[in-house]
>>> print(open('work.cif').read())   # mmCIF, C-alpha atoms
data_coords
#
loop_
_atom_site.label_atom_id
_atom_site.label_comp_id
_atom_site.auth_asym_id
_atom_site.auth_seq_id
_atom_site.Cartn_x
_atom_site.Cartn_y
_atom_site.Cartn_z
CA MET A 1 -3.81 23.73 -2.25
CA GLU A 2 -3.80 26.84 -0.07
CA ASN A 3 -7.26 28.13 0.80
CA ARG A 4 -9.27 30.45 3.04
CA LEU A 5 -11.66 27.84 4.30
CA ARG A 6 -10.68 28.09 7.96
CA PRO A 7 -11.16 31.91 8.30
CA LEU A 8 -14.40 31.76 6.33
CA ARG A 9 -15.65 29.01 8.60
CA ALA A 10 -14.50 30.93 11.68
CA GLU A 11 -16.39 34.05 10.53
CA ARG A 12 -19.58 32.03 10.77
CA ASN A 13 -18.63 30.29 14.02
CA TRP A 14 -18.94 26.93 12.31
CA SER A 15 -17.02 23.93 13.55
CA GLN A 16 -15.48 21.55 11.01
CA GLN A 17 -18.38 19.22 11.76
CA ASP A 18 -20.92 22.01 11.04
CA LEU A 19 -19.28 22.70 7.69
CA ALA A 20 -19.02 18.99 6.91
CA GLU A 21 -22.76 18.54 7.51
CA ARG A 22 -23.58 21.50 5.25
CA LEU A 23 -21.37 20.09 2.51
CA GLU A 24 -22.55 16.50 3.12
CA VAL A 25 -19.00 15.23 3.54
CA SER A 26 -17.05 13.84 6.50
CA ARG A 27 -15.33 16.09 9.04
CA GLN A 28 -12.07 14.47 7.93
CA SER A 29 -12.69 15.78 4.41
CA VAL A 30 -13.11 19.34 5.70
CA ASN A 31 -9.97 19.01 7.80
CA ALA A 32 -7.94 17.58 4.90
CA ILE A 33 -9.08 20.40 2.58
CA GLU A 34 -8.46 23.11 5.19
CA THR A 35 -4.95 21.89 5.88
CA GLY A 36 -4.17 21.61 2.17
CA LYS A 37 -3.64 17.85 2.35
CA TYR A 38 -6.43 17.21 -0.13
CA ASP A 39 -7.58 19.22 -3.13
CA PRO A 40 -11.35 18.92 -3.60
CA SER A 41 -12.88 17.96 -6.90
CA LEU A 42 -14.35 20.75 -9.01
CA PRO A 43 -17.97 19.88 -8.02
CA LEU A 44 -17.05 19.96 -4.31
CA ALA A 45 -15.09 23.20 -4.76
CA PHE A 46 -18.20 24.74 -6.37
CA ARG A 47 -20.36 23.48 -3.48
CA ILE A 48 -17.96 25.15 -1.03
CA ALA A 49 -17.95 28.39 -3.04
CA GLU A 50 -21.74 28.42 -3.27
CA LEU A 51 -22.10 27.74 0.46
CA PHE A 52 -19.92 30.75 1.29
CA ASP A 53 -21.41 32.75 -1.57
CA ARG A 54 -17.97 33.58 -2.97
CA PRO A 55 -16.22 32.87 -6.26
CA ILE A 56 -13.94 29.81 -6.12
CA GLU A 57 -10.80 31.91 -6.58
CA GLU A 58 -11.63 33.87 -3.41
CA ILE A 59 -11.52 30.65 -1.43
CA PHE A 60 -8.85 28.58 -3.16
CA VAL A 61 -5.49 30.04 -4.13
CA SER A 62 -4.43 29.11 -7.64
CA PRO A 63 -1.07 27.29 -7.37
CA THR A 64 0.12 28.70 -10.71
CA ARG A 65 -0.80 32.30 -9.88
CA ARG A 66 0.79 31.92 -6.47
CA LYS A 67 3.99 30.57 -8.10
CA SER A 68 4.18 33.50 -10.49
CA GLY A 69 3.84 35.91 -7.57
CA ALA A 70 0.51 37.29 -8.74
CA ILE A 71 -1.03 36.65 -5.32
CA MET B 72 -11.23 8.40 14.06
CA LEU B 73 -12.50 8.26 10.52
CA THR B 74 -16.17 8.96 9.91
CA ARG B 75 -18.05 5.77 9.21
CA THR B 76 -20.07 6.70 6.17
CA PRO B 77 -23.21 4.73 5.19
CA ALA B 78 -21.26 3.12 2.32
CA TRP B 79 -18.49 2.12 4.73
CA LYS B 80 -21.01 0.54 7.10
CA ARG B 81 -22.52 -1.48 4.23
CA TYR B 82 -19.02 -2.52 3.16
CA ASN B 83 -18.22 -3.65 6.70
CA TRP B 84 -21.33 -5.78 6.90
CA ARG B 85 -20.60 -7.38 3.54
CA VAL B 86 -17.03 -8.18 4.54
CA LEU B 87 -18.20 -9.56 7.90
CA TRP B 88 -20.70 -11.93 6.27
CA LEU B 89 -18.29 -12.97 3.54
CA SER B 90 -15.64 -13.71 6.19
CA ILE B 91 -18.08 -15.95 8.05
CA VAL B 92 -18.99 -17.74 4.79
CA TYR B 93 -15.26 -18.11 4.04
CA VAL B 94 -14.59 -19.84 7.36
CA LEU B 95 -17.58 -22.17 6.88
CA PHE B 96 -16.63 -23.03 3.28
CA LEU B 97 -12.99 -23.59 4.23
CA LEU B 98 -13.87 -25.87 7.13
CA ALA B 99 -16.34 -27.80 4.95
CA ALA B 100 -13.83 -28.23 2.11
CA VAL B 101 -10.98 -29.27 4.42
CA TYR B 102 -13.23 -31.71 6.27
CA GLY B 103 -14.63 -33.12 3.04
CA PHE B 104 -11.23 -33.72 1.46
CA LYS B 105 -9.62 -34.99 4.68
CA HIS B 106 -12.32 -37.60 5.20
CA GLN B 107 -12.65 -38.41 1.48
CA LEU B 108 -16.28 -37.40 1.43
CA VAL B 109 -16.09 -35.43 -1.80
CA PRO B 110 -17.18 -37.37 -4.90
CA PRO B 111 -14.73 -37.09 -7.84
CA ALA B 112 -17.19 -35.04 -9.89
CA LEU B 113 -17.41 -32.42 -7.13
CA LYS B 114 -13.72 -32.11 -6.27
CA TYR B 115 -13.10 -29.00 -8.35
CA PRO B 116 -16.24 -27.13 -7.22
CA VAL B 117 -15.61 -27.98 -3.55
CA ALA B 118 -11.92 -27.02 -3.81
CA ILE B 119 -12.77 -23.55 -5.06
CA LEU B 120 -15.55 -22.98 -2.50
CA PRO B 121 -13.28 -21.06 -0.05
CA ALA B 122 -12.08 -18.83 -2.89
CA LEU B 123 -15.60 -17.57 -3.67
CA PRO B 124 -16.12 -15.41 -0.54
CA ILE B 125 -12.58 -14.02 -0.99
CA ILE B 126 -13.55 -12.98 -4.51
CA GLY B 127 -16.70 -11.56 -2.92
CA ILE B 128 -14.58 -9.38 -0.64
CA PHE B 129 -12.72 -8.00 -3.66
CA GLY B 130 -16.13 -7.28 -5.16
CA ALA B 131 -17.28 -5.63 -1.92
CA ILE B 132 -14.28 -3.30 -2.04
CA GLY B 133 -15.09 -2.39 -5.65
CA ARG B 134 -18.73 -1.81 -4.75
CA TYR B 135 -17.68 0.36 -1.81
CA LEU B 136 -15.58 2.54 -4.11
CA VAL B 137 -18.62 2.98 -6.36
CA GLU B 138 -21.05 3.67 -3.49
CA GLU B 139 -18.85 5.97 -1.37
CA GLN B 140 -20.12 9.53 -1.76
CA ASP B 141 -17.36 11.19 0.28
CA GLU B 142 -14.59 11.75 -2.26
CA TYR B 143 -11.83 12.16 0.33
CA VAL B 144 -12.73 8.96 2.17
CA ARG B 145 -12.98 7.20 -1.20
CA MET B 146 -9.50 8.43 -2.11
CA LEU B 147 -8.14 6.95 1.12
CA MET B 148 -9.46 3.53 0.12
CA VAL B 149 -8.11 3.90 -3.43
CA ARG B 150 -4.66 4.61 -1.96
CA GLN B 151 -4.99 1.52 0.22
CA THR B 152 -5.91 -0.69 -2.74
CA LEU B 153 -2.91 0.66 -4.68
CA TRP B 154 -0.67 -0.27 -1.77
CA ALA B 155 -2.29 -3.70 -1.64
CA SER B 156 -1.81 -4.34 -5.36
CA ALA B 157 1.77 -3.03 -5.31
CA LEU B 158 2.73 -5.25 -2.40
CA ALA B 159 1.04 -8.40 -3.73
CA LEU B 160 2.42 -7.99 -7.27
CA SER B 161 5.93 -7.06 -6.13
CA VAL B 162 6.31 -9.91 -3.65
CA THR B 163 4.88 -12.52 -6.01
CA THR B 164 7.07 -11.29 -8.89
CA VAL B 165 10.21 -11.54 -6.75
CA TRP B 166 9.08 -14.90 -5.37
CA GLY B 167 8.38 -16.16 -8.88
CA PHE B 168 11.94 -15.48 -10.03
CA LEU B 169 13.43 -16.97 -6.86
CA ASP B 170 11.23 -20.02 -7.42
CA SER B 171 12.31 -20.28 -11.09
CA PHE B 172 15.97 -20.37 -10.09
CA GLY B 173 15.25 -22.97 -7.43
CA LEU B 174 16.16 -20.72 -4.53
CA VAL B 175 12.84 -20.91 -2.64
CA GLY B 176 10.08 -23.43 -2.31
CA HIS B 177 6.85 -23.24 -4.31
CA ALA B 178 4.15 -21.17 -2.60
CA ASP B 179 0.41 -21.75 -2.87
CA GLY B 180 -1.32 -19.18 -5.07
CA TYR B 181 -3.81 -18.09 -2.42
CA TRP B 182 -0.97 -16.29 -0.64
CA VAL B 183 -1.42 -13.54 -3.22
CA ALA B 184 -4.77 -12.69 -1.62
CA VAL B 185 -3.22 -12.78 1.85
CA LEU B 186 -0.47 -10.39 0.70
CA TRP B 187 -3.07 -8.13 -0.88
CA PHE B 188 -4.97 -7.81 2.39
CA VAL B 189 -1.70 -7.16 4.26
CA GLY B 190 -1.03 -4.39 1.72
CA LEU B 191 -4.49 -2.98 2.38
CA GLY B 192 -3.57 -2.67 6.04
CA LEU B 193 -0.19 -1.11 5.22
CA GLY B 194 -1.99 1.37 2.99
CA GLY B 195 -4.14 2.35 5.96
CA ILE B 196 -1.01 2.93 8.05
CA TYR B 197 0.51 4.99 5.21
CA ASN B 198 -2.69 7.09 5.07
CA LYS B 199 -2.49 7.63 8.82
CA LEU B 200 1.16 8.67 8.66
CA THR B 201 0.84 10.98 5.67
CA LEU B 202 -2.68 12.37 5.98
CA GLY B 203 -3.62 11.64 9.56
CA ASP B 204 -6.56 9.47 8.50
CA GLY B 205 -6.28 5.71 8.63
CA GLY B 206 -9.01 4.92 6.15
CA CYS B 207 -11.11 1.79 6.37
#
>>> encode(input="work.cif", output="structure tokens")
Amino acid sequence: MENRLRPLRAERNWSQQDLAERLEVSRQSVNAIETGKYDPSLPLAFRIAELFDRPIEEIFVSPTRRKSGAI
Amino acid sequence: MLTRTPAWKRYNWRVLWLSIVYVLFLLAAVYGFKHQLVPPALKYPVAILPALPIIGIFGAIGRYLVEEQDEYVRMLMVRQTLWASALALSVTTVWGFLDSFGLVGHADGYWVAVLWFVGLGLGGIYNKLTLGDGGC
């Protein structure tokens, strides 16, 4: 799933490891989510959204909305 | 390199100890049967001794999947176990039919476990190739 994790992380000058520690997951998890290789569970997506203080849909791009050209 | 989570470290220790127990049990059973030291009443229990730590390793993998808190790392192991099961079941199914038609010799059942562990390794390679993370 496409997402804005990398720019959001870059805004804060956080490395993948910094973000991983804040989310209590492995750096590999952050990398897999950032590169769209892995879609996080809903609880983890909420943790990410809460950490960046943004709604989920501002971080993760809905695949259906993207397909319909809404985004 | 994949992060070694606390659950993964516990899993590794369990597998290490179970592997040591497996070698000891196997050597004891082989020695006992070879030198006819096993009383008739104990033949079945002694014969299955080496299987117990192998079953323990299957249990350790299940426990790891329950204990692993990192969902991505857990998914990697789930993919590996699916590869392992697919390989073991596919090969033994094919072998079973070949055996039924008298085209191959009979194979000992414990080879299923060996195939399963080979599949676990192949699953790790598949994870590495497709996701860039080898898993456990």
>>> resolve_selection(input="work.cif", expression="the PyMOL selection byres ((chain B) within 10 of (chain A))", output="list in words")
Met72, Leu73, Thr74, Arg75, Thr76, Gln140, Asp141, Glu142, Tyr143, Val144, Met146, Thr201, Leu202, Gly203 and Asp204 of chain B
>>> resolve_selection(input="work.cif", expression="the PyMOL selection byres ((chain B and resi 156) around 12)", output="number ranges by chain")
B: 129, 149-155, 157-164, 183-194
>>> write_last_selection(input="work.cif", atoms="C-alpha atoms", output="compact mmCIF listing (two decimals), keeping the file's coordinate frame")
# COMPACT_ATOMS: atom_id res chain seq x y z
CA PHE B 129 -12.72 -8.00 -3.66
CA VAL B 149 -8.11 3.90 -3.43
CA ARG B 150 -4.66 4.61 -1.96
CA GLN B 151 -4.99 1.52 0.22
CA THR B 152 -5.91 -0.69 -2.74
CA LEU B 153 -2.91 0.66 -4.68
CA TRP B 154 -0.67 -0.27 -1.77
CA ALA B 155 -2.29 -3.70 -1.64
CA ALA B 157 1.77 -3.03 -5.31
CA LEU B 158 2.73 -5.25 -2.40
CA ALA B 159 1.04 -8.40 -3.73
CA LEU B 160 2.42 -7.99 -7.27
CA SER B 161 5.93 -7.06 -6.13
CA VAL B 162 6.31 -9.91 -3.65
CA THR B 163 4.88 -12.52 -6.01
CA THR B 164 7.07 -11.29 -8.89
CA VAL B 183 -1.42 -13.54 -3.22
CA ALA B 184 -4.77 -12.69 -1.62
CA VAL B 185 -3.22 -12.78 1.85
CA LEU B 186 -0.47 -10.39 0.70
CA TRP B 187 -3.07 -8.13 -0.88
CA PHE B 188 -4.97 -7.81 2.39
CA VAL B 189 -1.70 -7.16 4.26
CA GLY B 190 -1.03 -4.39 1.72
CA LEU B 191 -4.49 -2.98 2.38
CA GLY B 192 -3.57 -2.67 6.04
CA LEU B 193 -0.19 -1.11 5.22
CA GLY B 194 -1.99 1.37 2.99
>>> resolve_selection(input="work.cif", expression="the PyMOL selection byres ((chain B and resi 90) around 12)", output="PyMOL selection string")
chain B and resi 83-89+91-97+121-129+131
>>> atom_distance(input="work.cif", atom1="CA of Tyr82 in chain B", atom2="CA of Leu19 in chain A")
25.6 Å
>>> atom_distance(input="work.cif", atom1="CA of Asp179 in chain B", atom2="CA of Gly130 in chain B")
22.1 Å
>>> residues_around(input="work.cif", residues="range 55-57 of chain A", least_positions_apart="4", cutoff="10 Å", atoms="only C-alpha atoms", output="number ranges by chain")
A: 3-4, 42, 45-50, 61-62
>>> closest_residue(input="work.cif", among="B:Ala112, B:Ala78, B:Ala178, B:Leu120", to="Leu98 in chain B", atoms="only C-alpha atoms")
B:Leu120
>>> atom_distance(input="work.cif", atom1="CA of Arg81 in chain B", atom2="CA of Glu21 in chain A")
20.3 Å
>>> closest_residue(input="work.cif", among="A:Glu34, A:Asp53, A:Thr64, A:Pro43", to="Ala10 in chain A", atoms="all atoms listed in the file")
A:Glu34
>>> decode(input="work.cif", residues="range 87-172 of chain B", atoms="C-alpha atoms", output="JSON list (two decimals), in the first residue's frame")
[["chain", "number", "residue", "atom", "x", "y", "z"],
["B", 87, "LEU", "CA", 19.18, -25.34, 20.20],
["B", 88, "TRP", "CA", 18.36, -27.34, 23.34],
["B", 89, "LEU", "CA", 15.86, -29.55, 21.56],
["B", 90, "SER", "CA", 18.46, -30.28, 18.85],
["B", 91, "ILE", "CA", 20.97, -31.34, 21.50],
["B", 92, "VAL", "CA", 18.34, -33.56, 23.16],
["B", 93, "TYR", "CA", 17.49, -35.01, 19.73],
["B", 94, "VAL", "CA", 21.10, -36.02, 19.08],
["B", 95, "LEU", "CA", 21.41, -37.58, 22.55],
["B", 96, "PHE", "CA", 18.11, -39.48, 22.24],
["B", 97, "LEU", "CA", 18.96, -40.68, 18.73],
["B", 98, "LEU", "CA", 22.39, -41.92, 19.76],
["B", 99, "ALA", "CA", 20.93, -43.64, 22.83],
["B", 100, "ALA", "CA", 18.16, -45.33, 20.84],
["B", 101, "VAL", "CA", 20.49, -46.47, 18.04],
["B", 102, "TYR", "CA", 23.03, -47.77, 20.55],
["B", 103, "GLY", "CA", 20.36, -49.51, 22.60],
["B", 104, "PHE", "CA", 18.80, -51.29, 19.63],
["B", 105, "LYS", "CA", 22.14, -52.12, 17.98],
["B", 106, "HIS", "CA", 23.46, -53.78, 21.11],
["B", 107, "GLN", "CA", 20.11, -55.34, 22.05],
["B", 108, "LEU", "CA", 20.01, -53.51, 25.35],
["B", 109, "VAL", "CA", 16.37, -52.46, 25.10],
["B", 110, "PRO", "CA", 13.94, -54.75, 26.96],
["B", 111, "PRO", "CA", 10.89, -55.79, 24.86],
["B", 112, "ALA", "CA", 8.52, -53.74, 27.03],
["B", 113, "LEU", "CA", 10.53, -50.57, 26.33],
["B", 114, "LYS", "CA", 11.07, -50.99, 22.58],
["B", 115, "TYR", "CA", 8.22, -48.71, 21.54],
["B", 116, "PRO", "CA", 9.01, -45.91, 24.02],
["B", 117, "VAL", "CA", 12.73, -46.00, 23.17],
["B", 118, "ALA", "CA", 12.02, -46.06, 19.41],
["B", 119, "ILE", "CA", 9.97, -42.89, 19.61],
["B", 120, "LEU", "CA", 12.46, -41.07, 21.87],
["B", 121, "PRO", "CA", 14.19, -39.24, 18.95],
["B", 122, "ALA", "CA", 10.81, -38.11, 17.62],
["B", 123, "LEU", "CA", 9.94, -36.25, 20.84],
["B", 124, "PRO", "CA", 12.43, -33.35, 20.48],
["B", 125, "ILE", "CA", 11.44, -33.02, 16.81],
["B", 126, "ILE", "CA", 7.83, -32.63, 17.92],
["B", 127, "GLY", "CA", 9.17, -30.15, 20.46],
["B", 128, "ILE", "CA", 10.69, -28.08, 17.65],
["B", 129, "PHE", "CA", 7.31, -27.95, 15.90],
["B", 130, "GLY", "CA", 5.88, -26.79, 19.22],
["B", 131, "ALA", "CA", 8.65, -24.19, 19.57],
["B", 132, "ILE", "CA", 7.76, -22.77, 16.17],
["B", 133, "GLY", "CA", 4.09, -22.57, 17.17],
["B", 134, "ARG", "CA", 5.02, -20.91, 20.46],
["B", 135, "TYR", "CA", 7.23, -18.44, 18.61],
["B", 136, "LEU", "CA", 4.34, -17.45, 16.36],
["B", 137, "VAL", "CA", 2.22, -16.82, 19.47],
["B", 138, "GLU", "CA", 4.95, -14.89, 21.32],
["B", 139, "GLU", "CA", 6.28, -12.77, 18.43],
["B", 140, "GLN", "CA", 5.06, -9.21, 18.91],
["B", 141, "ASP", "CA", 6.44, -7.84, 15.63],
["B", 142, "GLU", "CA", 3.69, -8.60, 13.11],
["B", 143, "TYR", "CA", 5.92, -8.29, 10.05],
["B", 144, "VAL", "CA", 8.57, -10.63, 11.42],
["B", 145, "ARG", "CA", 5.79, -13.03, 12.45],
["B", 146, "MET", "CA", 4.40, -12.94, 8.92],
["B", 147, "LEU", "CA", 7.82, -13.91, 7.56],
["B", 148, "MET", "CA", 7.81, -17.03, 9.72],
["B", 149, "VAL", "CA", 4.21, -17.85, 8.75],
["B", 150, "ARG", "CA", 5.25, -17.69, 5.08],
["B", 151, "GLN", "CA", 8.16, -20.00, 5.84],
["B", 152, "THR", "CA", 5.93, -22.55, 7.57],
["B", 153, "LEU", "CA", 3.54, -22.48, 4.59],
["B", 154, "TRP", "CA", 6.45, -23.22, 2.29],
["B", 155, "ALA", "CA", 7.56, -26.01, 4.61],
["B", 156, "SER", "CA", 4.11, -27.61, 4.73],
["B", 157, "ALA", "CA", 3.61, -27.25, 0.97],
["B", 158, "LEU", "CA", 6.93, -28.89, 0.19],
["B", 159, "ALA", "CA", 6.56, -31.74, 2.69],
["B", 160, "LEU", "CA", 2.96, -32.53, 1.68],
["B", 161, "SER", "CA", 3.62, -32.25, -2.06],
["B", 162, "VAL", "CA", 6.72, -34.44, -2.08],
["B", 163, "THR", "CA", 5.20, -37.10, 0.17],
["B", 164, "THR", "CA", 1.99, -37.17, -1.89],
["B", 165, "VAL", "CA", 3.94, -37.67, -5.12],
["B", 166, "TRP", "CA", 6.19, -40.22, -3.44],
["B", 167, "GLY", "CA", 3.17, -42.06, -2.07],
["B", 168, "PHE", "CA", 1.68, -42.58, -5.53],
["B", 169, "LEU", "CA", 5.04, -43.59, -7.01],
["B", 170, "ASP", "CA", 5.41, -46.05, -4.13],
["B", 171, "SER", "CA", 1.87, -47.43, -4.68],
["B", 172, "PHE", "CA", 2.66, -48.18, -8.32]]
